[in-house]
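Visitor: Contents of upload-v5.cif (mmCIF, C-alpha atoms):
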```
data_upload
#
loop_
_atom_site.label_atom_id
_atom_site.label_comp_id
_atom_site.auth_asym_id
_atom_site.auth_seq_id
_atom_site.Cartn_x
_atom_site.Cartn_y
_atom_site.Cartn_z
CA MET V 20 -33.18 -24.28 -34.69
CA SER V 21 -32.66 -26.37 -31.59
CA GLN V 22 -33.17 -30.06 -32.04
CA ILE V 23 -35.75 -31.77 -29.86
CA SER V 24 -34.78 -35.23 -28.78
CA SER V 25 -37.32 -37.97 -29.34
CA PRO V 26 -39.03 -39.51 -26.28
CA ALA V 27 -37.92 -42.88 -25.02
CA SER V 28 -39.66 -45.75 -26.73
CA ILE V 29 -42.67 -47.10 -24.87
CA PRO V 30 -42.94 -50.90 -24.66
CA ALA V 31 -46.11 -52.64 -25.71
CA SER V 32 -48.58 -53.27 -22.91
CA PRO V 33 -47.98 -56.65 -21.25
CA ILE V 34 -51.69 -56.99 -20.42
CA GLN V 35 -53.32 -59.56 -22.67
CA ALA V 36 -56.79 -59.39 -21.14
CA ILE V 37 -58.67 -58.19 -18.07
CA LEU V 38 -60.91 -61.00 -16.82
CA LEU V 39 -62.58 -59.44 -13.80
CA ALA V 40 -63.01 -56.13 -11.98
CA ALA V 41 -65.23 -56.09 -8.89
CA LYS V 42 -65.86 -54.83 -5.38
CA PHE V 43 -66.68 -57.44 -2.73
CA GLU V 44 -68.08 -57.21 0.79
CA ARG V 45 -68.16 -59.96 3.42
CA ARG V 46 -70.03 -59.52 6.71
CA HIS V 47 -69.31 -62.71 8.70
CA ALA V 48 -66.67 -62.30 11.40
CA TYR V 49 -64.41 -65.15 12.54
CA ARG V 50 -65.32 -67.21 9.49
CA GLN V 51 -62.64 -69.43 8.02
CA PHE V 52 -62.40 -69.82 4.27
CA GLN V 53 -60.37 -71.67 1.65
CA SER V 54 -60.24 -71.02 -2.06
CA THR V 55 -57.88 -70.70 -4.98
CA SER V 56 -57.04 -67.38 -6.60
CA LEU V 57 -57.87 -66.84 -10.26
CA PRO V 58 -55.57 -67.64 -13.21
CA GLY V 59 -53.13 -64.94 -14.22
CA HIS V 60 -52.56 -61.99 -11.87
CA LEU V 61 -55.04 -61.06 -9.15
CA LEU V 62 -54.84 -57.86 -7.09
CA HIS V 63 -56.92 -57.20 -3.97
CA LEU V 64 -57.06 -53.78 -2.31
CA MET V 65 -58.46 -53.84 1.23
CA VAL V 66 -60.67 -50.87 2.14
CA ALA V 67 -62.28 -52.19 5.35
CA GLY V 68 -61.97 -55.06 7.80
CA GLU V 69 -59.16 -57.26 9.05
CA VAL V 70 -58.23 -60.66 7.62
CA ARG V 71 -55.44 -63.15 8.21
CA LYS V 72 -54.52 -65.14 5.13
CA GLU V 73 -52.20 -67.96 4.21
CA CYS V 74 -51.23 -67.85 0.54
CA SER V 75 -49.12 -70.75 -0.72
CA GLY V 76 -48.00 -71.32 2.85
CA ARG V 77 -47.10 -67.70 3.58
CA GLU V 78 -49.13 -66.03 6.30
CA TYR V 79 -50.16 -62.36 6.03
CA GLU V 80 -52.28 -59.95 8.08
CA LEU V 81 -54.38 -57.65 5.89
CA ARG V 82 -55.82 -54.31 6.98
CA PRO V 83 -57.36 -51.30 5.19
CA GLY V 84 -54.91 -49.80 2.71
CA ASN V 85 -53.10 -53.10 2.14
CA LEU V 86 -52.86 -54.58 -1.34
CA ILE V 87 -52.00 -58.23 -1.95
CA TRP V 88 -50.88 -59.71 -5.28
CA TYR V 89 -51.72 -63.31 -6.20
CA HIS V 90 -50.47 -65.20 -9.23
CA GLU V 91 -51.66 -68.29 -11.09
CA ASP V 92 -54.37 -69.91 -9.02
CA GLU V 93 -52.66 -70.06 -5.63
CA LEU V 94 -54.13 -71.84 -2.62
CA VAL V 95 -55.55 -69.26 -0.18
CA ARG V 96 -56.74 -70.01 3.35
CA GLY V 97 -57.79 -67.45 5.92
CA LYS V 98 -60.07 -66.08 8.61
CA THR V 99 -61.95 -62.80 8.98
CA PHE V 100 -61.39 -60.93 12.26
CA ARG V 101 -63.10 -57.59 11.66
CA VAL V 102 -66.08 -56.95 9.39
CA PRO V 103 -67.33 -55.73 7.08
CA TRP V 104 -64.45 -57.02 4.99
CA VAL V 105 -64.48 -54.89 1.82
CA PHE V 106 -62.00 -55.12 -1.02
CA TYR V 107 -61.57 -54.25 -4.69
CA SER V 108 -60.36 -56.95 -7.05
CA VAL V 109 -58.89 -57.01 -10.55
CA ASN V 110 -57.85 -60.16 -12.40
CA PHE V 111 -55.79 -59.93 -15.59
CA ILE V 112 -53.74 -62.12 -17.93
CA ALA V 113 -50.17 -60.98 -18.66
CA PRO V 114 -48.00 -64.02 -19.51
CA THR V 115 -44.79 -62.00 -20.00
CA PHE V 116 -45.23 -59.92 -16.85
CA PRO V 117 -43.69 -61.58 -13.78
CA PRO V 118 -45.35 -61.14 -10.37
CA PRO V 119 -43.37 -59.64 -7.49
CA PRO V 120 -41.29 -62.09 -5.42
CA PHE V 121 -43.06 -63.59 -2.41
CA ASP V 122 -41.40 -61.18 0.01
CA ALA V 123 -42.90 -58.26 -1.94
CA ARG V 124 -46.46 -59.49 -2.57
CA LEU V 125 -47.99 -57.40 0.22
CA PHE V 126 -48.09 -53.63 -0.32
CA ILE V 127 -48.91 -51.22 2.51
CA ASN V 128 -50.24 -47.65 2.52
CA CYS V 129 -52.01 -48.14 -0.82
CA GLY V 130 -55.24 -46.32 0.06
CA SER V 131 -54.34 -43.67 -2.54
CA LEU V 132 -54.84 -46.31 -5.26
CA ARG V 133 -58.53 -46.66 -4.50
CA PRO V 134 -59.55 -44.07 -7.17
CA LEU V 135 -57.75 -46.15 -9.82
CA PHE V 136 -59.62 -49.31 -8.75
CA GLU V 137 -62.88 -47.34 -8.82
CA GLU V 138 -62.06 -45.91 -12.26
CA LEU V 139 -61.26 -49.38 -13.57
CA LEU V 140 -64.48 -50.77 -12.11
CA ARG V 141 -66.58 -47.97 -13.62
CA ALA V 142 -65.10 -48.66 -17.04
CA TRP V 143 -65.66 -52.41 -16.63
CA LEU V 144 -69.34 -51.91 -15.75
CA ASP V 145 -70.16 -49.10 -18.21
CA VAL V 146 -72.33 -51.00 -20.69
CA GLU V 147 -73.33 -47.75 -22.42
CA ARG V 148 -69.85 -47.52 -23.95
CA SER V 149 -68.64 -49.76 -26.75
CA PRO V 150 -66.61 -52.83 -25.72
CA SER V 151 -63.47 -51.30 -27.25
CA ALA V 152 -63.89 -48.02 -25.31
CA ARG V 153 -64.50 -49.93 -22.08
CA GLY V 154 -61.38 -51.96 -22.78
CA PHE V 155 -59.21 -48.91 -23.45
CA LEU V 156 -60.35 -47.15 -20.27
CA ALA V 157 -59.98 -50.26 -18.09
CA HIS V 158 -56.53 -51.06 -19.47
CA ALA V 159 -55.39 -47.47 -18.97
CA ALA V 160 -56.49 -47.49 -15.32
CA LEU V 161 -54.79 -50.85 -14.74
CA LEU V 162 -51.52 -49.69 -16.31
CA ARG V 163 -51.51 -46.61 -14.08
CA LEU V 164 -52.19 -48.85 -11.09
CA LEU V 165 -49.27 -51.15 -11.96
CA ALA V 166 -47.00 -48.15 -12.46
CA ALA V 167 -47.91 -46.93 -8.97
CA LEU V 168 -46.87 -50.32 -7.54
CA ASP V 169 -43.38 -50.07 -9.02
CA ARG V 170 -41.73 -49.75 -5.59
CA PRO V 171 -43.18 -52.32 -3.19
CA VAL V 172 -42.70 -52.06 0.56
CA GLN V 173 -41.64 -55.44 1.87
CA ARG V 174 -43.57 -56.86 4.79
CA PRO V 175 -42.59 -59.88 6.85
CA TYR V 176 -44.52 -63.10 6.52
CA HIS V 177 -44.41 -66.41 8.35
CA VAL V 178 -44.06 -69.87 6.81
CA ASP V 179 -44.49 -73.05 8.85
CA SER V 180 -41.06 -74.71 8.89
CA GLY V 181 -42.50 -78.15 8.17
CA ALA V 182 -44.15 -76.90 4.97
CA GLN V 183 -41.57 -74.41 3.73
CA LEU V 184 -39.67 -76.90 1.56
CA TRP V 185 -42.83 -77.80 -0.30
CA TRP V 186 -44.10 -74.25 -0.79
CA ASP V 187 -40.72 -73.13 -2.13
CA LEU V 188 -40.64 -76.14 -4.43
CA GLU V 189 -44.21 -75.61 -5.63
CA ALA V 190 -43.34 -71.99 -6.47
CA ASP V 191 -40.46 -73.28 -8.61
CA CYS V 192 -42.73 -75.78 -10.34
CA ARG V 193 -45.36 -73.12 -11.04
CA LYS V 194 -42.83 -71.01 -12.96
CA ASP V 195 -43.28 -73.33 -15.94
CA LEU V 196 -46.14 -75.81 -15.76
CA ARG V 197 -45.62 -76.68 -19.44
CA ARG V 198 -42.60 -78.82 -18.60
CA PRO V 199 -42.84 -82.42 -17.33
CA ILE V 200 -42.58 -82.44 -13.52
CA SER V 201 -41.51 -85.67 -11.86
CA LEU V 202 -40.05 -86.53 -8.46
CA ALA V 203 -36.64 -86.53 -10.14
CA VAL V 204 -37.23 -82.96 -11.35
CA MET V 205 -38.38 -81.94 -7.86
CA THR V 206 -35.27 -83.50 -6.33
CA LYS V 207 -33.07 -81.57 -8.73
CA LEU V 208 -34.90 -78.29 -8.05
CA SER V 209 -34.85 -78.60 -4.26
CA GLY V 210 -31.81 -80.73 -3.48
CA ALA V 211 -34.00 -82.77 -1.13
CA SER V 212 -34.74 -86.50 -1.27
CA PRO V 213 -38.08 -87.77 -2.62
CA ALA V 214 -39.05 -88.93 0.89
CA THR V 215 -38.33 -85.50 2.38
CA ILE V 216 -40.30 -83.80 -0.41
CA ALA V 217 -43.23 -86.16 0.15
CA ARG V 218 -43.29 -85.48 3.91
CA SER V 219 -43.23 -81.71 3.42
CA CYS V 220 -45.95 -81.83 0.74
CA HIS V 221 -48.21 -83.98 2.91
CA TYR V 222 -47.65 -81.63 5.84
CA ALA V 223 -48.52 -78.59 3.70
CA VAL V 224 -51.54 -79.82 1.73
CA GLY V 225 -52.25 -83.42 2.75
CA LEU V 226 -51.40 -84.88 -0.67
CA PRO V 227 -48.49 -86.69 -2.36
CA PRO V 228 -46.33 -84.36 -4.49
CA LEU V 229 -47.40 -85.50 -7.95
CA LYS V 230 -51.09 -85.43 -7.01
CA ARG V 231 -50.65 -81.90 -5.70
CA ILE V 232 -49.00 -80.77 -8.95
CA LYS V 233 -51.81 -82.36 -10.96
CA LEU V 234 -54.33 -80.51 -8.80
CA VAL V 235 -52.45 -77.23 -9.38
CA ARG V 236 -52.57 -77.83 -13.13
CA LEU V 237 -56.25 -78.75 -13.21
CA SER V 238 -57.28 -75.92 -10.89
CA LEU V 239 -55.47 -73.43 -13.13
CA ALA V 240 -57.10 -75.06 -16.15
CA ARG V 241 -60.58 -74.65 -14.68
CA GLY V 242 -59.96 -70.96 -14.10
CA LEU V 243 -58.83 -70.57 -17.71
CA VAL V 244 -61.76 -72.63 -19.00
CA SER V 245 -64.30 -70.49 -17.15
CA ARG V 246 -62.73 -67.02 -17.48
CA SER V 247 -60.52 -66.90 -20.58
CA HIS V 248 -61.11 -67.23 -24.32
CA PHE V 249 -58.19 -69.61 -24.85
CA SER V 250 -58.95 -72.75 -26.82
CA MET V 251 -58.83 -76.10 -25.04
CA LYS V 252 -55.66 -76.93 -26.95
CA GLU V 253 -54.01 -73.71 -25.73
CA ILE V 254 -55.09 -74.37 -22.14
CA ALA V 255 -53.81 -77.95 -22.27
CA GLU V 256 -50.43 -76.73 -23.53
CA GLN V 257 -50.18 -74.03 -20.84
CA ILE V 258 -50.58 -76.56 -18.04
CA GLY V 259 -48.31 -79.25 -19.46
CA TYR V 260 -50.61 -81.63 -21.34
CA PRO V 261 -49.12 -82.35 -24.78
CA ARG V 262 -52.19 -84.43 -25.75
CA ILE V 263 -55.58 -82.79 -25.44
CA HIS V 264 -57.46 -86.07 -24.95
CA GLU V 265 -55.43 -86.75 -21.79
CA PHE V 266 -56.23 -83.25 -20.53
CA SER V 267 -59.94 -83.76 -21.23
CA ARG V 268 -59.88 -87.17 -19.52
CA ASP V 269 -58.22 -85.89 -16.34
CA TYR V 270 -60.39 -82.77 -16.28
CA ARG V 271 -63.59 -84.82 -16.55
CA LYS V 272 -62.38 -87.24 -13.88
CA HIS V 273 -61.63 -84.41 -11.46
CA PHE V 274 -64.53 -81.99 -12.13
CA GLY V 275 -67.24 -84.34 -13.40
CA LEU V 276 -67.51 -83.09 -16.99
CA PRO V 277 -65.13 -82.36 -19.89
CA PRO V 278 -63.67 -78.84 -20.21
CA THR V 279 -65.75 -77.82 -23.25
CA ALA V 280 -68.98 -78.77 -21.49
CA ASP V 281 -67.80 -77.02 -18.31
CA ARG V 282 -67.20 -73.80 -20.27
CA LEU V 283 -70.67 -73.94 -21.80
CA CYS V 284 -72.25 -74.65 -18.42
CA ARG V 285 -70.44 -71.80 -16.69
CA SER V 286 -71.11 -69.28 -19.47
CA SER V 287 -74.84 -70.03 -19.34
CA THR V 288 -75.00 -69.26 -15.60
CA ARG V 289 -73.19 -65.88 -15.72
#
```
Rewrite the structure from the file as structure tokens, please.
Guide:
Amino acid sequence: MSQISSPASIPASPIQAILLAAKFERRHAYRQFQSTSLPGHLLHLMVAGEVRKECSGREYELRPGNLIWYHEDELVRGKTFRVPWVFYSVNFIAPTFPPPPFDARLFINCGSLRPLFEELLRAWLDVERSPSARGFLAHAALLRLLAALDRPVQRPYHVDSGAQLWWDLEADCRKDLRRPISLAVMTKLSGASPATIARSCHYAVGLPPLKRIKLVRLSLARGLVSRSHFSMKEIAEQIGYPRIHEFSRDYRKHFGLPPTADRLCRSSTR
């Protein structure tokens, strides 16, 4: 009898949770916008329109069939040039799954992935199925989508030279927001002086470096408060607050109410 070799072991899924699946349409041309992406990983597939976006200082032109990958609440600014602007979106948490490098965040010729986004969206919205069945179907579609993105096509992007130091440094800081981040840490990461770092940060976002990092932390926290099921202690730890009362104090000061109350308020309006 011939011996059949066993299949290669399959790793556990890196996806911890899917937070959002949706299809959006915008109809205002030449409108500028600014927002932050959602916590975790966020994928947008363009199916209509033309948009120019700046994501963490990197400028991209998006057209139908393009897919862009955001990670961890990034600053996004842009302008619509052709409408309707229609795109699919999926937001998921996968802490052990690294995003593509910045020079591989834009994928072209991805129109063939539209059926997977539609399948994921149908599963997400199918309230006639049990929550576990919806979860299995949505996760399966997302895993197939990620497998199809295994070989990105790199596209050029532009970064303003005056802001590039800061955006590169912020990307390094975002890799581990649990750690203390001071000007001394920034100097070590970048090799630049505190004054040079401060000038580049102000040029990029109009804020001093430490205020910008605090804003990054709190913006990420608000996304996790409103869209995840993590406890406040877990969220505080993820963004670098060892003491939860300090996290609650800064959160309330910035957003007007403590994180627990903000979660209750947001859940009641969904």
Visitor: So that I can check the surroundings of V:Cys74, please list as a list in words every protein, DNA and RNA residue that reaches within 7 Å of it, counting all atoms listed in the file and ignoring chain neighbours fewer than 3 positions away.
Guide: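 Selected residues are Arg77, Glu78, Glu93, Leu94, Val95 and Arg96 of chain V.
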Visitor: To one decimal place in Å, what is the distance between atom CA of V:Leu276 and atom CA of V:Glu91?
Guide: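 Those two atoms sit 22.5 Å apart.
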Visitor: Select, from V:Leu234, V:Leu243, V:Leu57, V:Val105, the residue with the minimum atom-to-atom distance to V:Val70, counting all atoms listed in the file.
Guide: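 When distances to V:Val70 are compared using all atoms listed in the file, the smallest one comes from V:Val105.
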Visitor: Determine the residue set returned by the PyMOL selection byres ((chain V and resi 221) around 12) for the present structure, and present it as a PyMOL selection string.
Guide: chain V and resi 181-186+214-220+222-231
Visitor: Restricting the calculation to all atoms listed in the file, which member of V:Leu239, V:Val244, V:Glu80, V:Val146 is positioned closest to V:Cys284?
Guide: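 With all atoms listed in the file as the atom set, the closest residue is V:Val244.
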Visitor: Evaluate the PyMOL selection byres ((chain V and resi 206) around 12) on the structure here and hand back the selected residues as a list in words.
Guide: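 Those residues are Leu184, Trp185, Leu188, Glu189, Asp191, Cys192, Ile200, Ser201, Leu202, Ala203, Val204, Met205, Lys207, Leu208, Ser209, Gly210, Ala211, Ser212, Pro213, Ala214, Thr215, Ile216, Ala217 and Pro228 of chain V.
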Visitor: Mind listing as a list in words all residues within 8 Å of (-64.3, -55.4, 9.1), counting all atoms listed in the file?
Guide: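 Those within range, by chain then number, are Arg46, Ala48, Ala67, Gly68, Glu69, Thr99, Phe100, Arg101, Val102, Pro103, Trp104 and Val105 of chain V.
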Visitor: Between V:Ile258, V:Ser149, V:Ser245, V:His158, which one has atoms that come closest to V:Arg197, using only C-alpha atoms?
Guide: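 Between V:Ile258, V:Ser149, V:Ser245, V:His158, the residue approaching V:Arg197 most closely is V:Ile258.
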Visitor: Between atom CA of V:His63 and atom CA of V:Asp195, what is the distance in Å, rounded to a tenth?
Guide: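 Value for the atom CA of V:His63-atom CA of V:Asp195 distance: 24.3 Å.
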Visitor: Can you measure atom CA of V:Leu125 to atom CA of V:Trp88 for me? One decimal in Å is fine.
Guide: 6.6 Å
Visitor: Given the choices V:Leu156, V:Ala166, V:Leu139, V:Val66, which gets closest to V:Ile127 if the distance is worked out from only C-alpha atoms?
Guide: V:Val66
Visitor: Which residues, named as in the file, does the PyMOL selection byres ((chain V and resi 114) around 12) pick out? Answer as a list in words.
Guide: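 That selection, the PyMOL selection byres ((chain V and resi 114) around 12), comes back as Ser32, Pro33, Ile34, Gln35, Ala36, Pro58, Gly59, His60, His90, Glu91, Phe111, Ile112, Ala113, Thr115, Phe116, Pro117, Pro118, Lys194, Asp195 and Gln257 of chain V.
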Visitor: Taking (-56.4, -45.3, -3.4) in the coordinates of the supplied file, I want to know which residues reach to within 10 Å of it, counting all atoms listed in the file; could you give the answer as an MDAnalysis selection string?
Guide: chainID V and resid 64:66 84 128:137 164
Visitor: Would you please work out which residue, of V:Ile37, V:Phe43, V:Phe274, V:Ile232, is nearest to V:Phe155 when using all atoms listed in the file?
Guide: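 For V:Phe155, the nearest of the given residues is V:Ile37.
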Visitor: Closest to V:Pro119 among V:Arg163, V:His273, V:Tyr107, V:Leu168, using all atoms listed in the file?
Guide: V:Leu168
Visitor: Name all residues at most 12 Å from V:Tyr79 (count only C-alpha atoms; drop same-chain ones fewer than 4 positions away) and give them as a list in words.
Guide: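 Once the nearby chain positions are removed, what remains is Glu69, Val70, Arg71, Lys72, Glu73, Cys74, Ser75, Asn85, Leu86, Ile87, Trp88, Val95, Arg96, Gly97, Lys98, Phe121, Asp122, Ala123, Arg124, Leu125, Phe126, Ile127, Gln173, Arg174, Pro175, Tyr176, His177 and Val178 of chain V.
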Visitor: Might you pull out every residue within 10 Å of V:His264, with only C-alpha atoms counted and same-chain residues fewer than 6 positions away left off, and present them as a PDB file with C-alpha atoms, in the frame of the given file?
Guide:
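The resulting file, result09.pdb, is reproduced below:
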```pdb
ATOM      1  CA  LYS V 252     -55.660 -76.930 -26.950  1.00  0.00           C
ATOM      2  CA  ALA V 255     -53.810 -77.950 -22.270  1.00  0.00           C
ATOM      3  CA  TYR V 270     -60.390 -82.770 -16.280  1.00  0.00           C
ATOM      4  CA  PRO V 277     -65.130 -82.360 -19.890  1.00  0.00           C
TER       5      PRO V 277
END
```
Visitor: What would stretch 42-64 of chain V look like with N, CA and C atoms restored, written as a PDB file, keeping the file's coordinate frame?
Guide:
```
ATOM      1  N   LYS V  42     -65.968 -55.234  -6.774  1.00  0.00           N
ATOM      2  CA  LYS V  42     -65.860 -54.830  -5.380  1.00  0.00           C
ATOM      3  C   LYS V  42     -66.661 -55.826  -4.561  1.00  0.00           C
ATOM      4  N   PHE V  43     -66.046 -56.390  -3.525  1.00  0.00           N
ATOM      5  CA  PHE V  43     -66.680 -57.440  -2.730  1.00  0.00           C
ATOM      6  C   PHE V  43     -66.840 -56.968  -1.281  1.00  0.00           C
ATOM      7  N   GLU V  44     -67.861 -57.498  -0.624  1.00  0.00           N
ATOM      8  CA  GLU V  44     -68.080 -57.210   0.790  1.00  0.00           C
ATOM      9  C   GLU V  44     -68.501 -58.488   1.504  1.00  0.00           C
ATOM     10  N   ARG V  45     -67.842 -58.793   2.604  1.00  0.00           N
ATOM     11  CA  ARG V  45     -68.160 -59.960   3.420  1.00  0.00           C
ATOM     12  C   ARG V  45     -68.496 -59.482   4.830  1.00  0.00           C
ATOM     13  N   ARG V  46     -69.553 -60.039   5.431  1.00  0.00           N
ATOM     14  CA  ARG V  46     -70.030 -59.520   6.710  1.00  0.00           C
ATOM     15  C   ARG V  46     -69.983 -60.540   7.849  1.00  0.00           C
ATOM     16  N   HIS V  47     -69.373 -61.690   7.655  1.00  0.00           N
ATOM     17  CA  HIS V  47     -69.310 -62.710   8.700  1.00  0.00           C
ATOM     18  C   HIS V  47     -67.949 -62.691   9.372  1.00  0.00           C
ATOM     19  N   ALA V  48     -67.932 -62.347  10.654  1.00  0.00           N
ATOM     20  CA  ALA V  48     -66.670 -62.300  11.400  1.00  0.00           C
ATOM     21  C   ALA V  48     -66.271 -63.702  11.861  1.00  0.00           C
ATOM     22  N   TYR V  49     -64.983 -63.897  12.024  1.00  0.00           N
ATOM     23  CA  TYR V  49     -64.410 -65.150  12.540  1.00  0.00           C
ATOM     24  C   TYR V  49     -64.802 -66.355  11.679  1.00  0.00           C
ATOM     25  N   ARG V  50     -64.996 -66.111  10.407  1.00  0.00           N
ATOM     26  CA  ARG V  50     -65.320 -67.210   9.490  1.00  0.00           C
ATOM     27  C   ARG V  50     -64.060 -67.623   8.748  1.00  0.00           C
ATOM     28  N   GLN V  51     -63.784 -68.913   8.749  1.00  0.00           N
ATOM     29  CA  GLN V  51     -62.640 -69.430   8.020  1.00  0.00           C
ATOM     30  C   GLN V  51     -63.041 -69.710   6.577  1.00  0.00           C
ATOM     31  N   PHE V  52     -62.102 -69.579   5.677  1.00  0.00           N
ATOM     32  CA  PHE V  52     -62.400 -69.820   4.270  1.00  0.00           C
ATOM     33  C   PHE V  52     -61.176 -70.438   3.593  1.00  0.00           C
ATOM     34  N   GLN V  53     -61.435 -71.109   2.490  1.00  0.00           N
ATOM     35  CA  GLN V  53     -60.370 -71.670   1.650  1.00  0.00           C
ATOM     36  C   GLN V  53     -60.811 -71.581   0.211  1.00  0.00           C
ATOM     37  N   SER V  54     -59.912 -71.145  -0.640  1.00  0.00           N
ATOM     38  CA  SER V  54     -60.240 -71.020  -2.060  1.00  0.00           C
ATOM     39  C   SER V  54     -58.929 -71.029  -2.847  1.00  0.00           C
ATOM     40  N   THR V  55     -59.058 -70.920  -4.146  1.00  0.00           N
ATOM     41  CA  THR V  55     -57.880 -70.700  -4.980  1.00  0.00           C
ATOM     42  C   THR V  55     -58.060 -69.360  -5.688  1.00  0.00           C
ATOM     43  N   SER V  56     -56.961 -68.639  -5.863  1.00  0.00           N
ATOM     44  CA  SER V  56     -57.040 -67.380  -6.600  1.00  0.00           C
ATOM     45  C   SER V  56     -57.298 -67.690  -8.074  1.00  0.00           C
ATOM     46  N   LEU V  57     -57.538 -66.658  -8.855  1.00  0.00           N
ATOM     47  CA  LEU V  57     -57.870 -66.840 -10.260  1.00  0.00           C
ATOM     48  C   LEU V  57     -56.619 -66.993 -11.115  1.00  0.00           C
ATOM     49  N   PRO V  58     -56.743 -67.529 -12.335  1.00  0.00           N
ATOM     50  CA  PRO V  58     -55.570 -67.640 -13.210  1.00  0.00           C
ATOM     51  C   PRO V  58     -55.040 -66.282 -13.589  1.00  0.00           C
ATOM     52  N   GLY V  59     -53.742 -66.215 -13.883  1.00  0.00           N
ATOM     53  CA  GLY V  59     -53.130 -64.940 -14.220  1.00  0.00           C
ATOM     54  C   GLY V  59     -52.759 -64.188 -12.952  1.00  0.00           C
ATOM     55  N   HIS V  60     -52.867 -62.855 -13.007  1.00  0.00           N
ATOM     56  CA  HIS V  60     -52.560 -61.990 -11.870  1.00  0.00           C
ATOM     57  C   HIS V  60     -53.856 -61.534 -11.220  1.00  0.00           C
ATOM     58  N   LEU V  61     -53.858 -61.487  -9.900  1.00  0.00           N
ATOM     59  CA  LEU V  61     -55.040 -61.060  -9.150  1.00  0.00           C
ATOM     60  C   LEU V  61     -54.605 -60.093  -8.063  1.00  0.00           C
ATOM     61  N   LEU V  62     -55.151 -58.864  -8.083  1.00  0.00           N
ATOM     62  CA  LEU V  62     -54.840 -57.860  -7.090  1.00  0.00           C
ATOM     63  C   LEU V  62     -56.056 -57.587  -6.228  1.00  0.00           C
ATOM     64  N   HIS V  63     -55.866 -57.557  -4.913  1.00  0.00           N
ATOM     65  CA  HIS V  63     -56.920 -57.200  -3.970  1.00  0.00           C
ATOM     66  C   HIS V  63     -56.479 -55.975  -3.172  1.00  0.00           C
ATOM     67  N   LEU V  64     -57.300 -54.942  -3.147  1.00  0.00           N
ATOM     68  CA  LEU V  64     -57.060 -53.780  -2.310  1.00  0.00           C
ATOM     69  C   LEU V  64     -58.065 -53.770  -1.176  1.00  0.00           C
TER      70      LEU V  64
END
```
